[in-house]
$ cat work-v5.txt   # compact mmCIF, C-alpha atoms and all ligand atoms
# COMPACT_ATOMS: atom_id res chain seq x y z
CA MET J 1 7.87 41.27 1.04
CA PRO J 2 6.53 42.02 -2.46
CA GLU J 3 7.85 39.38 -4.89
CA SER J 4 9.58 42.11 -6.97
CA ARG J 5 12.12 42.86 -4.20
CA LEU J 6 13.42 39.30 -4.46
CA GLY J 7 14.67 39.95 -8.01
CA SER J 8 15.88 36.70 -9.54
CA SER J 9 16.41 35.14 -6.10
CA SER J 10 13.88 32.92 -4.40
CA PRO J 11 13.74 31.46 -0.89
CA LEU J 12 14.79 27.82 -0.54
CA ALA J 13 12.54 27.37 2.49
CA PRO J 14 8.87 27.96 1.64
CA PRO J 15 7.41 31.24 2.91
CA ILE J 16 4.44 31.43 5.30
CA TYR J 17 1.44 33.36 4.01
CA PRO J 18 -0.60 34.34 7.07
CA SER J 19 -2.87 36.65 5.05
CA SER J 20 -6.57 35.92 5.48
CA VAL J 21 -7.41 37.66 2.20
CA TYR J 22 -5.77 38.41 -1.18
CA ARG J 23 -5.76 41.58 -3.32
CA LEU J 24 -6.71 41.35 -6.97
CA PRO J 25 -5.95 43.83 -9.77
CA ASP J 26 -9.47 43.89 -11.22
CA LEU J 27 -12.76 42.05 -11.70
CA ASP J 28 -11.38 40.04 -14.62
CA ALA J 29 -8.67 38.54 -12.40
CA LEU J 30 -11.30 37.70 -9.78
CA ASP J 31 -13.40 35.92 -12.41
CA ARG J 32 -10.42 33.97 -13.74
CA ILE J 33 -9.58 32.68 -10.26
CA TYR J 34 -13.20 31.78 -9.41
CA SER J 35 -13.60 29.93 -12.70
CA GLY J 36 -10.38 27.98 -12.14
CA GLY J 37 -8.86 29.43 -15.32
CA GLU J 38 -5.94 30.85 -13.36
CA PRO J 39 -4.29 29.81 -10.07
CA GLY J 40 -4.66 32.19 -7.16
CA PHE J 41 -6.33 32.79 -3.83
CA ILE J 42 -9.13 35.07 -2.67
CA TYR J 43 -10.09 34.29 0.90
CA ALA J 44 -8.03 32.01 3.19
CA ARG J 45 -10.98 29.94 4.43
CA ASP J 46 -11.43 28.80 0.82
CA GLY J 47 -7.72 28.09 0.37
CA HIS J 48 -4.28 29.54 0.93
CA PRO J 49 -0.77 28.83 -0.42
CA ASN J 50 0.49 26.91 2.63
CA ALA J 51 -2.49 24.53 2.64
CA ALA J 52 -2.28 24.12 -1.14
CA SER J 53 1.42 23.33 -1.02
CA LEU J 54 1.01 20.82 1.82
CA ALA J 55 -2.01 19.20 0.14
CA ALA J 56 -0.08 18.74 -3.12
CA LYS J 57 2.73 16.92 -1.30
CA LEU J 58 0.30 14.76 0.71
CA ALA J 59 -1.57 13.77 -2.46
CA VAL J 60 1.68 12.43 -3.94
CA LEU J 61 2.45 10.47 -0.75
CA GLU J 62 -1.05 8.93 -0.74
CA SER J 63 -1.16 8.17 -4.51
CA ALA J 64 -4.17 10.49 -4.66
CA SER J 65 -5.21 12.97 -7.33
CA TRP J 66 -6.39 15.44 -4.65
CA ALA J 67 -5.98 16.10 -0.94
CA VAL J 68 -7.76 18.56 1.33
CA VAL J 69 -6.00 19.74 4.50
CA CYS J 70 -8.38 20.40 7.42
CA SER J 71 -8.05 21.97 10.85
CA SER J 72 -7.78 18.54 12.55
CA GLY J 73 -8.15 14.85 11.89
CA MET J 74 -11.73 15.08 13.13
CA GLY J 75 -12.26 18.00 10.74
CA ALA J 76 -11.10 15.74 7.89
CA LEU J 77 -13.47 12.94 8.96
CA SER J 78 -16.35 15.41 9.31
CA THR J 79 -15.52 16.79 5.86
CA ALA J 80 -15.69 13.28 4.37
CA CYS J 81 -19.08 12.65 5.98
CA LEU J 82 -20.44 16.04 4.91
CA ALA J 83 -19.22 15.54 1.34
CA LEU J 84 -20.77 12.09 0.94
CA LEU J 85 -23.75 11.69 3.26
CA ALA J 86 -27.29 12.99 3.57
CA ALA J 87 -30.26 12.20 5.78
CA GLY J 88 -31.51 8.67 5.21
CA ASP J 89 -28.07 7.29 4.27
CA HIS J 90 -26.62 4.19 5.90
CA VAL J 91 -23.00 3.93 7.08
CA VAL J 92 -21.18 0.76 8.13
CA ALA J 93 -18.23 1.34 10.45
CA SER J 94 -15.64 -0.61 12.40
CA ASP J 95 -16.62 -1.27 16.01
CA ARG J 96 -13.07 -0.38 17.15
CA LEU J 97 -12.74 3.14 15.75
CA TYR J 98 -10.87 6.00 17.41
CA GLY J 99 -13.15 7.26 20.23
CA ARG J 100 -14.06 10.63 18.73
CA THR J 101 -14.74 9.00 15.35
CA SER J 102 -17.27 6.61 16.82
CA GLN J 103 -18.75 9.55 18.73
CA LEU J 104 -19.03 11.55 15.47
CA LEU J 105 -20.89 8.67 13.86
CA LYS J 106 -22.95 7.52 16.86
CA GLN J 107 -23.90 10.86 18.41
CA GLU J 108 -23.61 13.48 15.65
CA LEU J 109 -24.46 11.92 12.28
CA THR J 110 -27.45 10.13 13.75
CA ARG J 111 -28.88 13.56 14.74
CA PHE J 112 -28.91 14.40 11.03
CA GLY J 113 -30.77 11.24 10.07
CA VAL J 114 -27.80 9.08 9.06
CA GLU J 115 -28.03 5.49 10.24
CA VAL J 116 -24.80 3.88 11.46
CA GLN J 117 -24.11 0.21 11.97
CA PHE J 118 -20.93 -0.94 13.76
CA VAL J 119 -19.32 -4.25 12.81
CA ASP J 120 -16.13 -6.19 13.46
CA VAL J 121 -14.27 -5.33 10.24
CA ASN J 122 -11.94 -8.30 10.78
CA ASN J 123 -14.98 -10.51 10.24
CA LEU J 124 -15.63 -10.20 6.50
CA ASP J 125 -18.91 -12.13 6.68
CA ALA J 126 -20.20 -9.62 9.23
CA VAL J 127 -19.11 -6.78 6.92
CA ARG J 128 -20.88 -8.34 3.93
CA ASN J 129 -24.03 -8.92 6.00
CA ALA J 130 -24.05 -5.29 7.14
CA LEU J 131 -23.56 -4.11 3.54
CA ALA J 132 -26.57 -6.16 2.40
CA LYS J 133 -28.52 -3.07 3.36
CA PRO J 134 -27.38 -0.41 0.85
CA ALA J 135 -24.70 1.80 2.44
CA ARG J 136 -22.94 4.93 1.21
CA LEU J 137 -19.79 4.51 3.23
CA LEU J 138 -17.73 1.80 4.94
CA ILE J 139 -15.26 3.20 7.50
CA ALA J 140 -12.27 1.35 8.98
CA GLU J 141 -8.75 2.01 10.24
CA THR J 142 -5.56 0.51 8.80
CA ILE J 143 -4.34 -0.23 12.36
CA SER J 144 -6.76 0.18 15.26
CA ASN J 145 -6.20 1.66 18.70
CA PRO J 146 -4.99 0.23 21.06
CA LEU J 147 -4.99 -3.46 20.12
CA LEU J 148 -3.49 -2.72 16.71
CA ARG J 149 -5.92 -4.86 14.73
CA VAL J 150 -5.05 -4.62 11.03
CA SER J 151 -7.77 -4.15 8.40
CA ASP J 152 -7.73 -6.25 5.23
CA ILE J 153 -8.15 -3.16 3.04
CA PRO J 154 -8.28 -5.01 -0.35
CA ALA J 155 -10.99 -7.37 0.98
CA LEU J 156 -12.98 -4.49 2.54
CA ALA J 157 -12.69 -2.54 -0.72
CA SER J 158 -14.07 -5.39 -2.78
CA ALA J 159 -16.87 -6.05 -0.26
CA ALA J 160 -17.79 -2.35 -0.43
CA HIS J 161 -17.51 -2.07 -4.21
CA ASP J 162 -19.64 -5.20 -4.75
CA ARG J 163 -22.43 -3.26 -3.05
CA ASP J 164 -21.71 0.10 -4.71
CA CYS J 165 -20.40 1.53 -1.43
CA ARG J 166 -17.26 3.64 -0.84
CA LEU J 167 -14.45 2.65 1.54
CA LEU J 168 -12.88 5.34 3.77
CA ILE J 169 -9.71 4.34 5.62
CA ASP J 170 -8.25 6.18 8.61
CA ASN J 171 -4.53 5.57 8.03
CA THR J 172 -3.23 7.58 11.01
CA PHE J 173 -1.42 4.71 12.79
CA ALA J 174 0.29 3.50 9.60
CA THR J 175 1.02 6.78 7.72
CA PRO J 176 1.60 6.63 3.96
CA VAL J 177 5.13 5.38 4.66
CA LEU J 178 3.78 1.98 5.72
CA CYS J 179 0.46 1.83 3.88
CA ARG J 180 -1.22 3.64 1.00
CA PRO J 181 -4.88 2.61 1.27
CA LEU J 182 -5.82 4.12 -2.12
CA GLU J 183 -3.35 1.74 -3.81
CA LEU J 184 -5.13 -1.14 -2.03
CA GLY J 185 -8.59 -0.20 -3.29
CA ALA J 186 -9.89 2.33 -0.74
CA ASP J 187 -11.79 5.30 -2.19
CA LEU J 188 -10.79 7.80 0.47
CA VAL J 189 -7.95 8.02 2.96
CA MET J 190 -7.82 10.19 6.03
CA GLU J 191 -4.86 11.04 8.30
CA SER J 192 -4.61 12.91 11.57
CA LEU J 193 -1.55 15.03 10.72
CA THR J 194 -1.41 15.79 14.45
CA LYS J 195 0.25 12.41 15.03
CA MET J 196 3.25 10.86 13.23
CA ILE J 197 3.03 13.03 10.11
CA GLY J 198 3.33 16.27 12.12
CA GLY J 199 5.58 14.24 14.38
CA HIS J 200 6.59 16.88 16.93
CA SER J 201 3.37 17.40 18.96
CA ASP J 202 3.11 21.02 17.84
CA VAL J 203 0.31 21.00 15.25
CA THR J 204 -3.35 19.95 15.14
CA LEU J 205 -4.28 19.20 11.51
CA GLY J 206 -5.93 16.57 9.35
CA MET J 207 -6.11 15.44 5.76
CA LEU J 208 -8.57 13.75 3.43
CA ALA J 209 -7.45 12.44 0.02
CA GLY J 210 -8.86 10.46 -2.89
CA ASN J 211 -9.04 10.07 -6.64
CA ASP J 212 -12.65 10.95 -7.52
CA PRO J 213 -12.49 14.62 -8.58
CA GLU J 214 -16.18 15.19 -7.76
CA VAL J 215 -15.64 14.06 -4.17
CA GLY J 216 -12.51 16.21 -4.00
CA LYS J 217 -14.48 19.29 -5.07
CA ALA J 218 -17.27 18.51 -2.61
CA ALA J 219 -14.75 17.97 0.21
CA ALA J 220 -13.00 21.32 -0.43
CA LEU J 221 -16.36 23.09 -0.45
CA LYS J 222 -17.63 21.41 2.74
CA ALA J 223 -14.36 22.15 4.56
CA SER J 224 -14.81 25.84 3.70
CA VAL J 225 -18.56 26.07 4.36
CA TRP J 226 -18.36 24.24 7.72
CA GLY J 227 -15.16 26.07 8.59
CA PHE J 228 -12.54 23.32 8.93
CA VAL J 229 -9.85 25.73 7.76
CA PRO J 230 -6.19 24.90 8.55
CA SER J 231 -3.85 27.59 9.83
CA PRO J 232 -1.02 28.63 7.45
CA HIS J 233 1.55 28.33 10.24
CA GLU J 234 0.54 24.76 11.03
CA CYS J 235 0.52 23.81 7.34
CA TRP J 236 4.03 25.23 7.05
CA LEU J 237 5.28 23.24 10.06
CA THR J 238 3.68 20.06 8.73
CA GLU J 239 5.24 20.57 5.30
CA ARG J 240 8.59 20.75 7.05
CA SER J 241 7.77 17.54 8.94
CA LEU J 242 7.15 15.74 5.65
CA SER J 243 10.85 16.07 4.81
CA THR J 244 11.71 13.69 7.65
CA LEU J 245 8.57 11.53 7.72
CA ARG J 246 10.15 8.50 6.06
CA LEU J 247 13.28 8.68 8.23
CA ARG J 248 11.23 9.09 11.40
CA MET J 249 8.77 6.29 10.62
CA THR J 250 11.53 3.89 9.60
CA ALA J 251 13.53 4.56 12.77
CA ALA J 252 10.52 4.47 15.10
CA THR J 253 9.18 1.28 13.50
CA ALA J 254 12.55 -0.48 13.89
CA ASN J 255 12.68 0.63 17.54
CA ALA J 256 9.10 -0.55 18.11
CA ALA J 257 9.73 -4.00 16.64
CA ALA J 258 12.83 -4.48 18.81
CA LEU J 259 11.07 -3.22 21.95
CA ALA J 260 8.06 -5.48 21.34
CA ASP J 261 10.30 -8.56 21.27
CA TRP J 262 12.27 -7.42 24.30
CA LEU J 263 9.09 -6.66 26.30
CA ALA J 264 7.63 -10.06 25.40
CA SER J 265 10.59 -11.76 27.07
CA HIS J 266 10.48 -9.55 30.20
CA PRO J 267 9.29 -11.28 33.40
CA SER J 268 7.11 -8.28 34.49
CA VAL J 269 5.15 -8.28 31.22
CA GLN J 270 2.01 -10.34 30.82
CA ARG J 271 1.53 -9.89 27.08
CA VAL J 272 2.66 -7.70 24.19
CA VAL J 273 0.49 -6.30 21.39
CA TYR J 274 2.40 -5.73 18.14
CA PRO J 275 1.12 -6.78 14.69
CA ALA J 276 4.49 -8.02 13.40
CA ARG J 277 4.75 -10.56 16.23
CA PRO J 278 3.53 -14.11 15.51
CA ASP J 279 1.26 -14.02 18.61
CA HIS J 280 -0.81 -11.09 17.21
CA PRO J 281 -4.15 -12.15 15.65
CA ASP J 282 -3.42 -10.15 12.46
CA HIS J 283 0.19 -11.20 12.10
CA GLY J 284 -0.41 -12.64 8.60
CA LEU J 285 -2.33 -9.59 7.40
CA ALA J 286 0.36 -7.27 8.77
CA ARG J 287 3.05 -9.18 6.91
CA ARG J 288 1.02 -9.02 3.68
CA LEU J 289 -0.19 -5.40 3.86
CA LEU J 290 2.49 -3.67 5.97
CA SER J 291 5.60 -5.15 4.44
CA ASP J 292 7.84 -2.29 5.61
CA GLY J 293 6.88 -2.82 9.27
CA SER J 294 3.91 -2.58 11.59
CA GLY J 295 4.45 0.94 12.87
CA CYS J 296 5.60 2.62 16.05
CA MET J 297 2.75 1.72 18.42
CA VAL J 298 3.32 -1.12 20.91
CA GLY J 299 0.92 -2.26 23.62
CA PHE J 300 1.96 -4.23 26.66
CA GLU J 301 0.14 -5.51 29.70
CA LEU J 302 1.89 -5.46 33.06
CA LYS J 303 1.59 -8.37 35.45
CA GLY J 304 -0.11 -7.56 38.74
CA LEU J 305 -3.00 -5.36 39.73
CA GLY J 306 -3.68 -2.99 36.82
CA ARG J 307 -3.91 0.54 38.15
CA ASP J 308 -1.19 0.24 40.80
CA VAL J 309 1.41 -1.35 38.55
CA VAL J 310 0.64 1.22 35.83
CA ASN J 311 1.10 4.11 38.26
CA ARG J 312 4.35 2.59 39.46
CA PHE J 313 5.56 2.16 35.87
CA MET J 314 4.75 5.80 35.03
CA ARG J 315 6.46 7.19 38.14
CA ARG J 316 9.60 5.11 37.70
CA ALA J 317 9.93 5.44 33.93
CA ALA J 318 9.42 9.21 34.12
CA GLY J 319 11.58 9.71 31.00
CA ILE J 320 8.71 8.18 28.99
CA ALA J 321 6.14 11.00 29.10
CA PHE J 322 2.60 9.91 29.92
CA CYS J 323 0.33 11.82 27.53
CA PRO J 324 -2.82 10.76 25.73
CA SER J 325 -1.61 11.23 22.17
CA LEU J 326 0.95 9.60 19.90
CA GLY J 327 3.42 10.06 17.10
CA ASP J 328 6.01 12.32 18.73
CA VAL J 329 9.74 12.02 17.96
CA ALA J 330 10.14 11.07 21.63
CA THR J 331 8.72 7.88 23.12
CA THR J 332 5.53 8.50 25.10
CA CYS J 333 3.02 6.25 26.79
CA SER J 334 -0.70 6.27 27.28
CA HIS J 335 -3.24 4.23 29.20
CA PRO J 336 -6.21 3.31 26.98
CA ALA J 337 -8.53 2.28 29.83
CA THR J 338 -8.48 5.78 31.38
CA THR J 339 -7.77 7.97 28.30
CA SER J 340 -8.98 6.98 24.80
CA HIS J 341 -11.55 4.52 26.16
CA ARG J 342 -12.37 6.35 29.39
CA TYR J 343 -16.06 6.76 28.61
CA GLU J 344 -16.64 3.26 27.28
CA THR J 345 -18.62 0.95 29.54
CA ALA J 346 -16.82 -1.80 31.45
CA GLU J 347 -18.50 -4.36 29.16
CA GLU J 348 -17.27 -2.57 26.04
CA LYS J 349 -13.71 -2.40 27.39
CA ALA J 350 -13.88 -6.09 28.26
CA ARG J 351 -15.21 -6.89 24.78
CA GLN J 352 -12.27 -5.09 23.19
CA GLY J 353 -9.73 -6.51 25.64
CA ILE J 354 -8.76 -3.13 27.12
CA VAL J 355 -7.65 -4.10 30.61
CA ASP J 356 -6.36 -1.81 33.38
CA GLY J 357 -2.81 -3.16 33.08
CA LEU J 358 -2.51 -2.24 29.39
CA ILE J 359 -0.01 0.50 28.49
CA ARG J 360 0.30 1.84 24.95
CA LEU J 361 3.73 3.04 23.87
CA SER J 362 4.18 5.47 21.01
CA VAL J 363 7.79 4.66 20.21
CA GLY J 364 10.05 7.51 19.14
CA ILE J 365 13.32 7.82 17.31
CA GLU J 366 15.73 7.93 20.27
CA PRO J 367 18.56 5.37 20.33
CA LEU J 368 16.95 2.01 21.14
CA GLU J 369 19.13 1.44 24.21
CA GLN J 370 18.04 4.75 25.73
CA ILE J 371 14.34 3.80 25.46
CA ARG J 372 14.99 0.28 26.74
CA LEU J 373 16.87 1.54 29.80
CA GLU J 374 14.07 3.96 30.64
CA ILE J 375 11.33 1.35 30.25
CA ALA J 376 13.38 -1.13 32.30
CA LYS J 377 13.26 1.31 35.25
CA GLY J 378 9.47 1.08 35.16
CA LEU J 379 9.50 -2.71 34.97
CA LEU J 380 11.61 -3.40 38.07
CA SER J 381 9.61 -6.06 39.86
CA GLU J 382 10.22 -5.15 43.53
CA ALA J 383 7.48 -2.92 45.00
C1 LIG P 1 -5.91 11.47 16.67
C2 LIG P 1 -6.70 10.61 15.78
C3 LIG P 1 -7.81 11.10 15.07
C4 LIG P 1 -8.29 12.53 15.22
O1 LIG P 1 -7.32 13.43 14.81
P1 LIG P 1 -7.23 14.91 15.47
O2 LIG P 1 -6.12 15.53 14.68
O3 LIG P 1 -6.91 14.73 16.91
O4 LIG P 1 -8.54 15.56 15.26
C5 LIG P 1 -8.50 10.24 14.24
N1 LIG P 1 -8.12 8.95 14.10
C6 LIG P 1 -7.07 8.44 14.76
C7 LIG P 1 -6.71 7.01 14.56
C8 LIG P 1 -6.32 9.24 15.62
O5 LIG P 1 -5.28 8.72 16.28

$ encode --input "work-v5.txt" --output "C-alpha cells" --more "lines below"
Ligand SMILES: *Cc1c(COP(=O)(O)O)cnc(C)c1O
Amino acid sequence: MPESRLGSSSPLAPPIYPSSVYRLPDLDALDRIYSGGEPGFIYARDGHPNAASLAAKLAVLESASWAVVCSSGMGALSTACLALLAAGDHVVASDRLYGRTSQLLKQELTRFGVEVQFVDVNNLDAVRNALAKPARLLIAETISNPLLRVSDIPALASAAHDRDCRLLIDNTFATPVLCRPLELGADLVMESLTKMIGGHSDVTLGMLAGNDPEVGKAAALKASVWGFVPSPHECWLTERSLSTLRLRMTAATANAAALADWLASHPSVQRVVYPARPDHPDHGLARRLLSDGSGCMVGFELKGLGRDVVNRFMRRAAGIAFCPSLGDVATTCSHPATTSHRYETAEEKARQGIVDGLIRLSVGIEPLEQIRLEIAKGLLSEA
C-alpha cells in the first residue's frame, strides 16, 4: 500500500517488503542513495528494509556498530572469510568447529590458496604457537558442539591481537543473551539465526557483526557480490523472534541446567555434558564467561551398547523429536556420531570423545516436568 494511504497512522507490526527492486524519482535520488547521502534501497540483493531493520536490532544485541544479515549461518561465515582473506593468507581455527565450518576452511578456502591450521583452542600455548606464523584470522566457537567446550574469548583475543590477527567467534550456541563476544575482545561475531535466535525451526539465516567500519563495508559488499542475500520474509520472522529471545533463552537455559543435574543422577546415564556442572572440563570458564547460564544444549551418554540404546531411547521418548538441528522452542535430540560428525573418521570421533551412546538434547521452553517425564520414558532400563 502506498505510504500516503496510511495518513497519520502507521502499522505497529513491521511490514514485509518483498520487492526485489525499488523505484526512484530521478537520477539525483539514485546518486544520493548510492553515495550514502540519503537512506534508501535500489536492488534487494544489495539491501532491503527487512534485512536492514533486523541487522540494526542484532547490532545492538551484539554491542556491534554494524551487522550484516546473510542467507544462512554458513553464508555469514563465508562472507567473513571473503571480506578478510586472500590467497596466501594463513588462518588458525579451532579443531572442534561445526562440521560445515571446518569443511569450508579445509576443503573450500584451501582451494583458493588460503592455508588453515587447526588447533585445540582450549590450549592457549598451542594457539600462541600456531599464531607464531602470521595469521589473518583466528576462528573459535563460544560453546562447541557437542561436548560444549567453552572458549576463553578474552585470552584468545589477546593472543590474536598480540600477533596482529583478528578473532572471529561463532556464538550460535550461546546467543547474545548469554555471551557478547565483541565485549570480550573478539573482532567479529557470527550467529546462525537458524538456531535459537530464529527459535522456531522456520528460517535459515545468519549474521556477521563487528565494530570495524571497513570490515563492515567489505562484508556487505561480499554478501551481495557472492549472493548471500537473505529473504525479506525470513528477516521479518527473525525480527519477530527477537522479541522473545531473552525469555526463550532464559527459560530453556534454566530447564537445561535442571535436566543436566537430574540426568547425572539417573541410573541409565553414564555421563552428562553440561558446562555449568562441576564435572565439565570448562566449568570455571563457563562460570566466568557465561554468568547467566551455560545455554540450552545438554549432552548425555547412555549406559549400554551405543546404537541400540540410542534407538530404544528415541523410540520410547518419541515426544522428544529426533532431528539434526537445535534451538527450537520444543525440546529435540540429535545423535552427533551419526549426524553432525557422520563423516569424521573413527579416530577423529574418538579424539573428540564422540561415542555412539552420546545423545545431544536441545532443551526447549516446555514446563520442566513435561520434558523430564518424556525423557524418563526413554531411560527405562528394562529392554
Ligand atoms: C548451524 C550452525 C552453523 C551454520 O548455520 P546455518 O544457518 O545452518 O548455515 C554454524 N555454526 C554453528 C555452531 C551452528 O550450529

$ residues_near_ligand --input "work-v5.txt" --ligand "ligand LIG 1 (chain P)" --cutoff "8 Å" --atoms "only C-alpha atoms and all ligand atoms" --output "JSON, numbers by chain"
{"J": [71, 72, 73, 74, 75, 76, 77, 97, 98, 100, 101, 141, 143, 144, 145, 170, 171, 172, 173, 191, 192, 193, 194, 195, 204, 205, 206, 325, 326]}

$ closest_residue --input "work-v5.txt" --among "J:Arg96, J:Arg180, J:His233, J:His280" --to "J:Lys349" --atoms "only C-alpha atoms"
J:Arg96

$ closest_residue --input "work-v5.txt" --among "J:His341, J:Arg166, J:Arg111, J:Arg5" --to "J:Leu182" --atoms "only C-alpha atoms"
J:Arg166

$ closest_residue --input "work-v5.txt" --among "J:Asp279, J:Asp120, J:Asp202, J:Glu239" --to "J:Ala52" --atoms "all atoms listed in the file"
J:Glu239

$ atom_distance --input "work-v5.txt" --atom1 "atom CA of J:Leu85" --atom2 "atom CA of J:Lys222"
11.5 Å

$ closest_residue --input "work-v5.txt" --among "J:Gly47, J:Pro267, J:Pro275, J:Pro281" --to "J:Val225" --atoms "all atoms listed in the file"
J:Gly47

$ closest_residue --input "work-v5.txt" --among "J:Leu242, J:Leu30, J:Ala251, J:Ile153" --to "J:Leu54" --atoms "all atoms listed in the file"
J:Leu242

$ residues_around --input "work-v5.txt" --residues "J:Ala254" --least-positions-apart "5" --cutoff "12 Å" --atoms "all atoms listed in the file" --output "list in words"
Leu247, Arg248, Met249, Leu259, Ala260, Asp261, Ala276, Asp292, Gly293, Ser294, Gly295, Cys296, Met297, Val298, Val363, Gly364, Ile365, Glu366, Pro367 and Leu368 of chain J

$ residues_around --input "work-v5.txt" --residues "J:Ala321" --least-positions-apart "3" --cutoff "7 Å" --atoms "only C-alpha atoms" --output "VMD selection string"
chain J and resid 318 332 to 333

$ closest_residue --input "work-v5.txt" --among "J:Asp46, J:Glu108, J:Asp212, J:Asp187" --to "J:Ser65" --atoms "all atoms listed in the file"
J:Asp212

$ residues_around --input "work-v5.txt" --residues "J:Ala376" --least-positions-apart "5" --cutoff "12 Å" --atoms "all atoms listed in the file" --output "number ranges by chain"
J: 259, 262-263, 266-269, 313-314, 316-320, 369-371, 381

$ atom_distance --input "work-v5.txt" --atom1 "atom CA of J:Leu358" --atom2 "atom CA of J:His283"
19.7 Å
